[in-house]
file entry-v1.txt (compact mmCIF, N, CA and C atoms)
# COMPACT_ATOMS: atom_id res chain seq x y z
N MET O 1 -2.55 32.45 -73.28
CA MET O 1 -3.66 33.08 -73.94
C MET O 1 -3.79 32.55 -75.37
N ILE O 2 -5.01 32.43 -75.82
CA ILE O 2 -5.31 32.00 -77.17
C ILE O 2 -5.09 33.17 -78.13
N GLN O 3 -4.56 32.85 -79.29
CA GLN O 3 -4.43 33.83 -80.36
C GLN O 3 -5.13 33.26 -81.58
N ILE O 4 -5.71 34.15 -82.37
CA ILE O 4 -6.35 33.71 -83.61
C ILE O 4 -5.93 34.64 -84.74
N TYR O 5 -5.35 34.04 -85.78
CA TYR O 5 -5.07 34.77 -87.01
C TYR O 5 -6.40 34.84 -87.74
N HIS O 6 -6.95 36.04 -87.84
CA HIS O 6 -8.34 36.22 -88.24
C HIS O 6 -8.48 37.12 -89.45
N ASN O 7 -9.35 36.71 -90.36
CA ASN O 7 -9.75 37.52 -91.50
C ASN O 7 -11.25 37.75 -91.36
N PRO O 8 -11.68 38.98 -91.02
CA PRO O 8 -13.10 39.23 -90.78
C PRO O 8 -13.99 39.03 -92.01
N ARG O 9 -13.41 38.96 -93.19
CA ARG O 9 -14.21 38.74 -94.40
C ARG O 9 -14.43 37.26 -94.70
N CYS O 10 -13.81 36.39 -93.92
CA CYS O 10 -13.89 34.95 -94.14
C CYS O 10 -14.91 34.33 -93.18
N GLY O 11 -15.89 33.63 -93.72
CA GLY O 11 -16.92 33.00 -92.90
C GLY O 11 -16.36 31.99 -91.92
N LYS O 12 -15.43 31.15 -92.36
CA LYS O 12 -14.83 30.15 -91.46
C LYS O 12 -14.10 30.84 -90.32
N SER O 13 -13.42 31.94 -90.62
CA SER O 13 -12.69 32.68 -89.61
C SER O 13 -13.67 33.32 -88.62
N ARG O 14 -14.75 33.91 -89.12
CA ARG O 14 -15.77 34.51 -88.24
C ARG O 14 -16.40 33.45 -87.34
N ASN O 15 -16.70 32.28 -87.91
CA ASN O 15 -17.30 31.21 -87.12
C ASN O 15 -16.35 30.74 -86.02
N CYS O 16 -15.09 30.61 -86.35
CA CYS O 16 -14.09 30.17 -85.38
C CYS O 16 -13.97 31.20 -84.26
N LEU O 17 -13.92 32.47 -84.61
CA LEU O 17 -13.81 33.52 -83.61
C LEU O 17 -15.04 33.52 -82.70
N ALA O 18 -16.23 33.36 -83.26
CA ALA O 18 -17.45 33.30 -82.46
C ALA O 18 -17.41 32.11 -81.51
N PHE O 19 -16.90 30.98 -81.98
CA PHE O 19 -16.79 29.79 -81.14
C PHE O 19 -15.83 30.05 -79.98
N ILE O 20 -14.67 30.62 -80.27
CA ILE O 20 -13.70 30.92 -79.22
C ILE O 20 -14.30 31.90 -78.22
N ASP O 21 -15.03 32.87 -78.71
CA ASP O 21 -15.67 33.86 -77.83
C ASP O 21 -16.61 33.18 -76.84
N GLN O 22 -17.31 32.14 -77.28
CA GLN O 22 -18.25 31.42 -76.43
C GLN O 22 -17.57 30.59 -75.35
N THR O 23 -16.27 30.34 -75.48
CA THR O 23 -15.57 29.52 -74.49
C THR O 23 -15.23 30.32 -73.24
N ASN O 24 -15.41 31.64 -73.30
CA ASN O 24 -15.09 32.54 -72.18
C ASN O 24 -13.61 32.48 -71.79
N GLN O 25 -12.76 32.13 -72.74
CA GLN O 25 -11.32 32.16 -72.52
C GLN O 25 -10.78 33.45 -73.13
N GLU O 26 -9.71 33.96 -72.53
CA GLU O 26 -9.09 35.16 -73.09
C GLU O 26 -8.44 34.83 -74.42
N TYR O 27 -8.55 35.76 -75.35
CA TYR O 27 -7.92 35.57 -76.65
C TYR O 27 -7.50 36.91 -77.22
N GLU O 28 -6.58 36.80 -78.17
CA GLU O 28 -6.08 37.96 -78.89
C GLU O 28 -6.32 37.72 -80.38
N ILE O 29 -6.88 38.70 -81.04
CA ILE O 29 -7.08 38.62 -82.48
C ILE O 29 -5.86 39.19 -83.17
N ILE O 30 -5.33 38.44 -84.12
CA ILE O 30 -4.21 38.91 -84.93
C ILE O 30 -4.77 39.17 -86.33
N PRO O 31 -4.93 40.45 -86.67
CA PRO O 31 -5.45 40.79 -88.01
C PRO O 31 -4.32 40.70 -89.04
N TYR O 32 -4.01 39.48 -89.44
CA TYR O 32 -2.80 39.21 -90.21
C TYR O 32 -2.78 39.87 -91.59
N LEU O 33 -3.94 40.27 -92.08
CA LEU O 33 -3.95 40.95 -93.38
C LEU O 33 -3.38 42.36 -93.28
N THR O 34 -3.57 43.00 -92.13
CA THR O 34 -3.05 44.36 -91.94
C THR O 34 -1.80 44.38 -91.07
N GLU O 35 -1.61 43.36 -90.26
CA GLU O 35 -0.41 43.23 -89.42
C GLU O 35 0.28 41.94 -89.82
N THR O 36 0.88 41.98 -90.98
CA THR O 36 1.50 40.79 -91.57
C THR O 36 2.63 40.26 -90.69
N PRO O 37 2.65 38.96 -90.45
CA PRO O 37 3.75 38.41 -89.66
C PRO O 37 5.08 38.55 -90.40
N SER O 38 6.15 38.66 -89.63
CA SER O 38 7.49 38.71 -90.22
C SER O 38 7.87 37.31 -90.72
N PHE O 39 8.98 37.25 -91.42
CA PHE O 39 9.48 35.97 -91.90
C PHE O 39 9.69 35.01 -90.73
N THR O 40 10.33 35.50 -89.66
CA THR O 40 10.60 34.67 -88.48
C THR O 40 9.30 34.24 -87.82
N GLU O 41 8.35 35.15 -87.68
CA GLU O 41 7.07 34.81 -87.05
C GLU O 41 6.32 33.76 -87.85
N LEU O 42 6.33 33.89 -89.17
CA LEU O 42 5.63 32.92 -90.00
C LEU O 42 6.32 31.56 -89.96
N LYS O 43 7.64 31.57 -89.90
CA LYS O 43 8.38 30.31 -89.79
C LYS O 43 8.06 29.62 -88.45
N GLU O 44 8.00 30.40 -87.38
CA GLU O 44 7.65 29.85 -86.06
C GLU O 44 6.22 29.33 -86.06
N LEU O 45 5.33 30.04 -86.73
CA LEU O 45 3.94 29.60 -86.82
C LEU O 45 3.85 28.26 -87.55
N LEU O 46 4.60 28.11 -88.62
CA LEU O 46 4.63 26.84 -89.35
C LEU O 46 5.12 25.70 -88.46
N GLU O 47 6.11 25.98 -87.61
CA GLU O 47 6.59 24.96 -86.68
C GLU O 47 5.50 24.58 -85.69
N LYS O 48 4.77 25.56 -85.17
CA LYS O 48 3.67 25.28 -84.23
C LYS O 48 2.56 24.47 -84.90
N LEU O 49 2.35 24.75 -86.18
CA LEU O 49 1.33 24.02 -86.94
C LEU O 49 1.82 22.64 -87.39
N ASN O 50 3.13 22.45 -87.37
CA ASN O 50 3.75 21.24 -87.88
C ASN O 50 3.41 21.04 -89.37
N LEU O 51 3.54 22.14 -90.12
CA LEU O 51 3.25 22.13 -91.55
C LEU O 51 4.43 22.65 -92.34
N GLN O 52 4.50 22.23 -93.59
CA GLN O 52 5.44 22.79 -94.54
C GLN O 52 4.79 24.06 -95.12
N PRO O 53 5.58 25.02 -95.57
CA PRO O 53 5.01 26.26 -96.09
C PRO O 53 3.93 26.06 -97.16
N ASN O 54 4.14 25.12 -98.08
CA ASN O 54 3.15 24.91 -99.14
C ASN O 54 1.81 24.41 -98.60
N GLU O 55 1.81 23.85 -97.39
CA GLU O 55 0.57 23.35 -96.80
C GLU O 55 -0.25 24.47 -96.15
N LEU O 56 0.33 25.64 -96.01
CA LEU O 56 -0.36 26.78 -95.41
C LEU O 56 -0.87 27.76 -96.47
N VAL O 57 -0.52 27.52 -97.71
CA VAL O 57 -0.89 28.43 -98.80
C VAL O 57 -2.31 28.12 -99.30
N ARG O 58 -3.06 29.19 -99.51
CA ARG O 58 -4.37 29.08 -100.15
C ARG O 58 -4.13 29.06 -101.66
N THR O 59 -3.99 27.86 -102.20
CA THR O 59 -3.56 27.69 -103.59
C THR O 59 -4.64 28.06 -104.61
N LYS O 60 -5.87 28.28 -104.16
CA LYS O 60 -6.94 28.66 -105.10
C LYS O 60 -7.11 30.17 -105.22
N GLU O 61 -6.31 30.91 -104.44
CA GLU O 61 -6.35 32.37 -104.53
C GLU O 61 -5.80 32.82 -105.89
N LYS O 62 -6.44 33.82 -106.46
CA LYS O 62 -6.04 34.34 -107.76
C LYS O 62 -4.57 34.75 -107.77
N ILE O 63 -4.11 35.39 -106.69
CA ILE O 63 -2.70 35.83 -106.61
C ILE O 63 -1.75 34.64 -106.75
N TRP O 64 -2.08 33.54 -106.09
CA TRP O 64 -1.23 32.35 -106.17
C TRP O 64 -1.24 31.79 -107.59
N ILE O 65 -2.42 31.63 -108.14
CA ILE O 65 -2.55 31.04 -109.46
C ILE O 65 -1.81 31.86 -110.52
N GLU O 66 -1.95 33.18 -110.45
CA GLU O 66 -1.36 34.04 -111.47
C GLU O 66 0.14 34.27 -111.30
N ASN O 67 0.64 34.21 -110.06
CA ASN O 67 2.02 34.61 -109.82
C ASN O 67 2.97 33.49 -109.36
N TYR O 68 2.42 32.40 -108.81
CA TYR O 68 3.30 31.42 -108.17
C TYR O 68 3.06 29.97 -108.59
N LYS O 69 1.86 29.65 -109.03
CA LYS O 69 1.48 28.26 -109.27
C LYS O 69 2.44 27.52 -110.19
N GLU O 70 2.88 28.16 -111.24
CA GLU O 70 3.73 27.50 -112.24
C GLU O 70 5.22 27.55 -111.90
N LYS O 71 5.55 28.20 -110.79
CA LYS O 71 6.96 28.34 -110.41
C LYS O 71 7.38 27.25 -109.44
N THR O 72 8.64 26.91 -109.47
CA THR O 72 9.21 26.00 -108.48
C THR O 72 9.84 26.88 -107.39
N LEU O 73 9.22 26.86 -106.21
CA LEU O 73 9.67 27.71 -105.11
C LEU O 73 10.20 26.87 -103.96
N ASN O 74 11.26 27.34 -103.33
CA ASN O 74 11.71 26.66 -102.11
C ASN O 74 10.89 27.18 -100.93
N ASN O 75 11.08 26.58 -99.77
CA ASN O 75 10.27 26.94 -98.60
C ASN O 75 10.38 28.42 -98.25
N ASP O 76 11.58 28.96 -98.29
CA ASP O 76 11.75 30.38 -97.96
C ASP O 76 11.01 31.27 -98.95
N GLU O 77 11.01 30.90 -100.21
CA GLU O 77 10.30 31.69 -101.22
C GLU O 77 8.79 31.61 -101.03
N ILE O 78 8.29 30.46 -100.61
CA ILE O 78 6.86 30.32 -100.33
C ILE O 78 6.48 31.17 -99.12
N ILE O 79 7.30 31.15 -98.09
CA ILE O 79 7.06 31.99 -96.91
C ILE O 79 7.05 33.46 -97.32
N GLN O 80 8.01 33.87 -98.14
CA GLN O 80 8.06 35.26 -98.59
C GLN O 80 6.83 35.62 -99.41
N ALA O 81 6.34 34.70 -100.22
CA ALA O 81 5.12 34.95 -101.00
C ALA O 81 3.94 35.21 -100.07
N MET O 82 3.86 34.46 -98.96
CA MET O 82 2.77 34.68 -98.00
C MET O 82 2.93 36.01 -97.27
N ILE O 83 4.15 36.42 -97.01
CA ILE O 83 4.38 37.71 -96.37
C ILE O 83 4.02 38.84 -97.34
N ASP O 84 4.41 38.70 -98.58
CA ASP O 84 4.11 39.72 -99.59
C ASP O 84 2.61 39.79 -99.91
N ASN O 85 1.93 38.66 -99.73
CA ASN O 85 0.50 38.55 -100.05
C ASN O 85 -0.20 37.77 -98.93
N PRO O 86 -0.45 38.40 -97.78
CA PRO O 86 -0.97 37.66 -96.63
C PRO O 86 -2.33 36.99 -96.87
N ILE O 87 -3.04 37.39 -97.92
CA ILE O 87 -4.29 36.72 -98.25
C ILE O 87 -4.04 35.24 -98.58
N LEU O 88 -2.79 34.91 -98.92
CA LEU O 88 -2.44 33.52 -99.25
C LEU O 88 -2.35 32.62 -98.02
N ILE O 89 -2.30 33.20 -96.83
CA ILE O 89 -2.18 32.41 -95.60
C ILE O 89 -3.54 31.79 -95.26
N GLU O 90 -3.56 30.48 -95.11
CA GLU O 90 -4.79 29.78 -94.72
C GLU O 90 -5.28 30.31 -93.39
N ARG O 91 -6.57 30.38 -93.23
CA ARG O 91 -7.15 30.90 -92.00
C ARG O 91 -8.41 30.15 -91.64
N PRO O 92 -8.83 30.31 -90.42
CA PRO O 92 -8.17 30.95 -89.28
C PRO O 92 -7.12 30.02 -88.68
N ILE O 93 -6.16 30.59 -88.00
CA ILE O 93 -5.16 29.82 -87.28
C ILE O 93 -5.33 30.12 -85.81
N VAL O 94 -5.45 29.06 -85.01
CA VAL O 94 -5.63 29.20 -83.57
C VAL O 94 -4.37 28.71 -82.88
N ILE O 95 -3.85 29.52 -81.95
CA ILE O 95 -2.62 29.20 -81.23
C ILE O 95 -2.93 29.15 -79.74
N LYS O 96 -2.41 28.12 -79.09
CA LYS O 96 -2.54 27.99 -77.64
C LYS O 96 -1.41 27.12 -77.12
N ASP O 97 -0.79 27.56 -76.06
CA ASP O 97 0.25 26.78 -75.37
C ASP O 97 1.35 26.30 -76.31
N GLY O 98 1.79 27.18 -77.21
CA GLY O 98 2.90 26.85 -78.08
C GLY O 98 2.57 25.93 -79.24
N LYS O 99 1.29 25.62 -79.43
CA LYS O 99 0.85 24.78 -80.55
C LYS O 99 -0.20 25.56 -81.34
N ALA O 100 -0.43 25.11 -82.57
CA ALA O 100 -1.40 25.80 -83.41
C ALA O 100 -2.12 24.81 -84.32
N ILE O 101 -3.33 25.21 -84.73
CA ILE O 101 -4.09 24.45 -85.71
C ILE O 101 -4.76 25.42 -86.67
N ILE O 102 -5.12 24.91 -87.83
CA ILE O 102 -5.98 25.66 -88.72
C ILE O 102 -7.40 25.38 -88.26
N GLY O 103 -8.11 26.43 -87.89
CA GLY O 103 -9.40 26.29 -87.21
C GLY O 103 -10.61 26.30 -88.10
N ARG O 104 -10.57 25.61 -89.20
CA ARG O 104 -11.73 25.57 -90.10
C ARG O 104 -12.79 24.59 -89.61
N ASP O 105 -12.39 23.59 -88.85
CA ASP O 105 -13.30 22.58 -88.31
C ASP O 105 -13.51 22.88 -86.83
N LEU O 106 -14.72 23.29 -86.45
CA LEU O 106 -14.97 23.72 -85.08
C LEU O 106 -14.85 22.58 -84.07
N ASP O 107 -15.10 21.33 -84.50
CA ASP O 107 -14.89 20.20 -83.60
C ASP O 107 -13.42 20.07 -83.24
N LYS O 108 -12.54 20.28 -84.21
CA LYS O 108 -11.10 20.24 -83.93
C LYS O 108 -10.68 21.40 -83.03
N VAL O 109 -11.28 22.56 -83.25
CA VAL O 109 -10.98 23.71 -82.41
C VAL O 109 -11.39 23.42 -80.97
N ALA O 110 -12.57 22.82 -80.79
CA ALA O 110 -13.06 22.49 -79.45
C ALA O 110 -12.10 21.54 -78.75
N SER O 111 -11.65 20.51 -79.44
CA SER O 111 -10.70 19.56 -78.85
C SER O 111 -9.38 20.25 -78.54
N PHE O 112 -8.94 21.12 -79.43
CA PHE O 112 -7.66 21.82 -79.27
C PHE O 112 -7.69 22.73 -78.05
N LEU O 113 -8.82 23.38 -77.81
CA LEU O 113 -8.90 24.35 -76.71
C LEU O 113 -9.16 23.71 -75.36
N ASP O 114 -9.57 22.45 -75.34
CA ASP O 114 -9.81 21.76 -74.05
C ASP O 114 -8.53 21.48 -73.31
call {"tool": "encode", "arguments": {"input": "entry-v1.txt", "output": "structure tokens"}}
result
Amino acid sequence: MIQIYHNPRCGKSRNCLAFIDQTNQEYEIIPYLTETPSFTELKELLEKLNLQPNELVRTKEKIWIENYKEKTLNNDEIIQAMIDNPILIERPIVIKDGKAIIGRDLDKVASFLD
């Protein structure tokens, strides 16, 4: 089953969800802002994405700029920052068959879901 880490206030996330809905495939919405992933879950998600923690951070978010930008953080500290402030997690994230992508580009989402 497809899973989508979704933020309903984000246009890219809404567009991705609408696209997935049109594929008539079963999916599960993960409202990550209210159901924050655990440290282990976020680490596993990074492995599925094949990304380093800093590559999943929304570095233009005010929280990041004010609290983390000037600090030297290791990977575990970056993961913890995303858990403490889930708005920092890039979205939407689409998961299928043990792999994941950031679903901002609908053409990539289409290829990923085929």
call {"tool": "closest_residue", "arguments": {"input": "entry-v1.txt", "among": "O:Glu26, O:Asp76, O:Asp21, O:Glu44", "to": "Met1 of chain O", "atoms": "only N, CA and C atoms"}}
result
O:Glu26
call {"tool": "select_by_dssp", "arguments": {"input": "entry-v1.txt", "residues": "chain O", "states": "helix (DSSP H, G or I)", "output": "ChimeraX atom specification"}}
result
/O:11-22,39-49,53-56,62-67,75-84,86-88,106-113
call {"tool": "atom_distance", "arguments": {"input": "entry-v1.txt", "atom1": "atom CA of Asn85 of chain O", "atom2": "atom CA of Leu51 of chain O"}}
result
18.7 Å
call {"tool": "residues_around", "arguments": {"input": "entry-v1.txt", "residues": "Ser38 of chain O", "least_positions_apart": "6", "cutoff": "12 Å", "atoms": "only C-alpha atoms", "output": "list in words"}}
result
Tyr32, Glu44, Leu45, Ile79, Gln80, Ala81, Met82, Ile83, Asp84 and Pro86 of chain O
call {"tool": "residues_around", "arguments": {"input": "entry-v1.txt", "residues": "Gln3 of chain O", "least_positions_apart": "2", "cutoff": "6 Å", "atoms": "all atoms listed in the file", "output": "list in words"}}
result
Met1, Tyr5, Tyr27, Glu28, Ile29, Ile30, Ile93, Val94, Ile95 and Lys96 of chain O
call {"tool": "atom_distance", "arguments": {"input": "entry-v1.txt", "atom1": "atom N of Ile4 of chain O", "atom2": "atom N of Ile65 of chain O"}}
result
26.1 Å
call {"tool": "select_by_dssp", "arguments": {"input": "entry-v1.txt", "residues": "chain O", "states": "strand (DSSP E)", "output": "ChimeraX atom specification"}}
result
/O:2-5,27-30,93-96,99-102
call {"tool": "atom_distance", "arguments": {"input": "entry-v1.txt", "atom1": "atom CA of Ala18 of chain O", "atom2": "atom CA of Lys43 of chain O"}}
result
27.0 Å
call {"tool": "closest_residue", "arguments": {"input": "entry-v1.txt", "among": "O:Tyr68, O:Gln22, O:Pro53, O:Arg104", "to": "Arg91 of chain O", "atoms": "only C-alpha atoms"}}
result
O:Arg104
call {"tool": "residues_around", "arguments": {"input": "entry-v1.txt", "residues": "Lys69 of chain O", "least_positions_apart": "2", "cutoff": "12 Å", "atoms": "only C-alpha atoms", "output": "list in words"}}
result
Asn54, Val57, Arg58, Thr59, Lys60, Glu61, Lys62, Ile63, Trp64, Ile65, Glu66, Asn67, Lys71, Thr72, Leu73, Ile78, Ala81 and Leu88 of chain O
call {"tool": "axis_aligned_box", "arguments": {"input": "entry-v1.txt", "around": "segment 40-59 of chain O", "padding_each_side": "6 Å", "output": "JSON"}}
result
{"center_x": 3.0, "center_y": 28.3, "center_z": -94.4, "size_x": 27.2, "size_y": 26.5, "size_z": 32.4}
call {"tool": "closest_residue", "arguments": {"input": "entry-v1.txt", "among": "O:Asp114, O:Leu33, O:Ile20, O:Asn75", "to": "Ile87 of chain O", "atoms": "only N, CA and C atoms"}}
result
O:Leu33
call {"tool": "decode", "arguments": {"input": "entry-v1.txt", "residues": "segment 91-112 of chain O", "atoms": "N, CA and C atoms", "output": "short mmCIF file (atom, residue, chain, number, x, y, z; two decimals), in the first residue's frame"}}
result
data_model
loop_
_atom_site.label_atom_id
_atom_site.label_comp_id
_atom_site.auth_asym_id
_atom_site.auth_seq_id
_atom_site.Cartn_x
_atom_site.Cartn_y
_atom_site.Cartn_z
N ARG O 91 8.13 17.76 2.54
CA ARG O 91 6.91 17.05 2.17
C ARG O 91 6.51 17.36 0.76
N PRO O 92 5.64 16.56 0.22
CA PRO O 92 5.13 15.27 0.71
C PRO O 92 6.15 14.17 0.47
N ILE O 93 6.05 13.11 1.24
CA ILE O 93 6.88 11.93 1.05
C ILE O 93 5.95 10.79 0.69
N VAL O 94 6.27 10.11 -0.42
CA VAL O 94 5.46 8.99 -0.89
C VAL O 94 6.28 7.72 -0.72
N ILE O 95 5.64 6.71 -0.11
CA ILE O 95 6.30 5.43 0.16
C ILE O 95 5.53 4.32 -0.55
N LYS O 96 6.27 3.44 -1.20
CA LYS O 96 5.68 2.27 -1.85
C LYS O 96 6.73 1.19 -1.97
N ASP O 97 6.36 -0.02 -1.62
CA ASP O 97 7.24 -1.19 -1.79
C ASP O 97 8.62 -1.00 -1.17
N GLY O 98 8.66 -0.41 0.02
CA GLY O 98 9.92 -0.28 0.73
C GLY O 98 10.83 0.83 0.23
N LYS O 99 10.34 1.65 -0.70
CA LYS O 99 11.12 2.78 -1.21
C LYS O 99 10.29 4.05 -1.02
N ALA O 100 10.96 5.19 -1.09
CA ALA O 100 10.26 6.45 -0.88
C ALA O 100 10.88 7.55 -1.76
N ILE O 101 10.05 8.55 -2.05
CA ILE O 101 10.52 9.74 -2.75
C ILE O 101 9.86 10.96 -2.12
N ILE O 102 10.47 12.10 -2.34
CA ILE O 102 9.81 13.36 -2.02
C ILE O 102 8.95 13.70 -3.23
N GLY O 103 7.65 13.81 -3.00
CA GLY O 103 6.69 13.90 -4.10
C GLY O 103 6.32 15.30 -4.54
N ARG O 104 7.28 16.18 -4.65
CA ARG O 104 6.99 17.55 -5.09
C ARG O 104 6.81 17.64 -6.60
N ASP O 105 7.41 16.72 -7.34
CA ASP O 105 7.32 16.69 -8.80
C ASP O 105 6.37 15.55 -9.19
N LEU O 106 5.21 15.89 -9.73
CA LEU O 106 4.19 14.88 -10.01
C LEU O 106 4.62 13.90 -11.10
N ASP O 107 5.50 14.33 -12.02
CA ASP O 107 6.02 13.40 -13.02
C ASP O 107 6.84 12.30 -12.35
N LYS O 108 7.63 12.68 -11.35
CA LYS O 108 8.41 11.68 -10.62
C LYS O 108 7.50 10.77 -9.80
N VAL O 109 6.44 11.33 -9.24
CA VAL O 109 5.49 10.52 -8.49
C VAL O 109 4.84 9.50 -9.42
N ALA O 110 4.46 9.93 -10.62
CA ALA O 110 3.83 9.03 -11.60
C ALA O 110 4.77 7.88 -11.93
N SER O 111 6.02 8.18 -12.20
CA SER O 111 6.99 7.12 -12.51
C SER O 111 7.20 6.21 -11.32
N PHE O 112 7.24 6.77 -10.13
CA PHE O 112 7.47 6.01 -8.90
C PHE O 112 6.32 5.04 -8.65
#
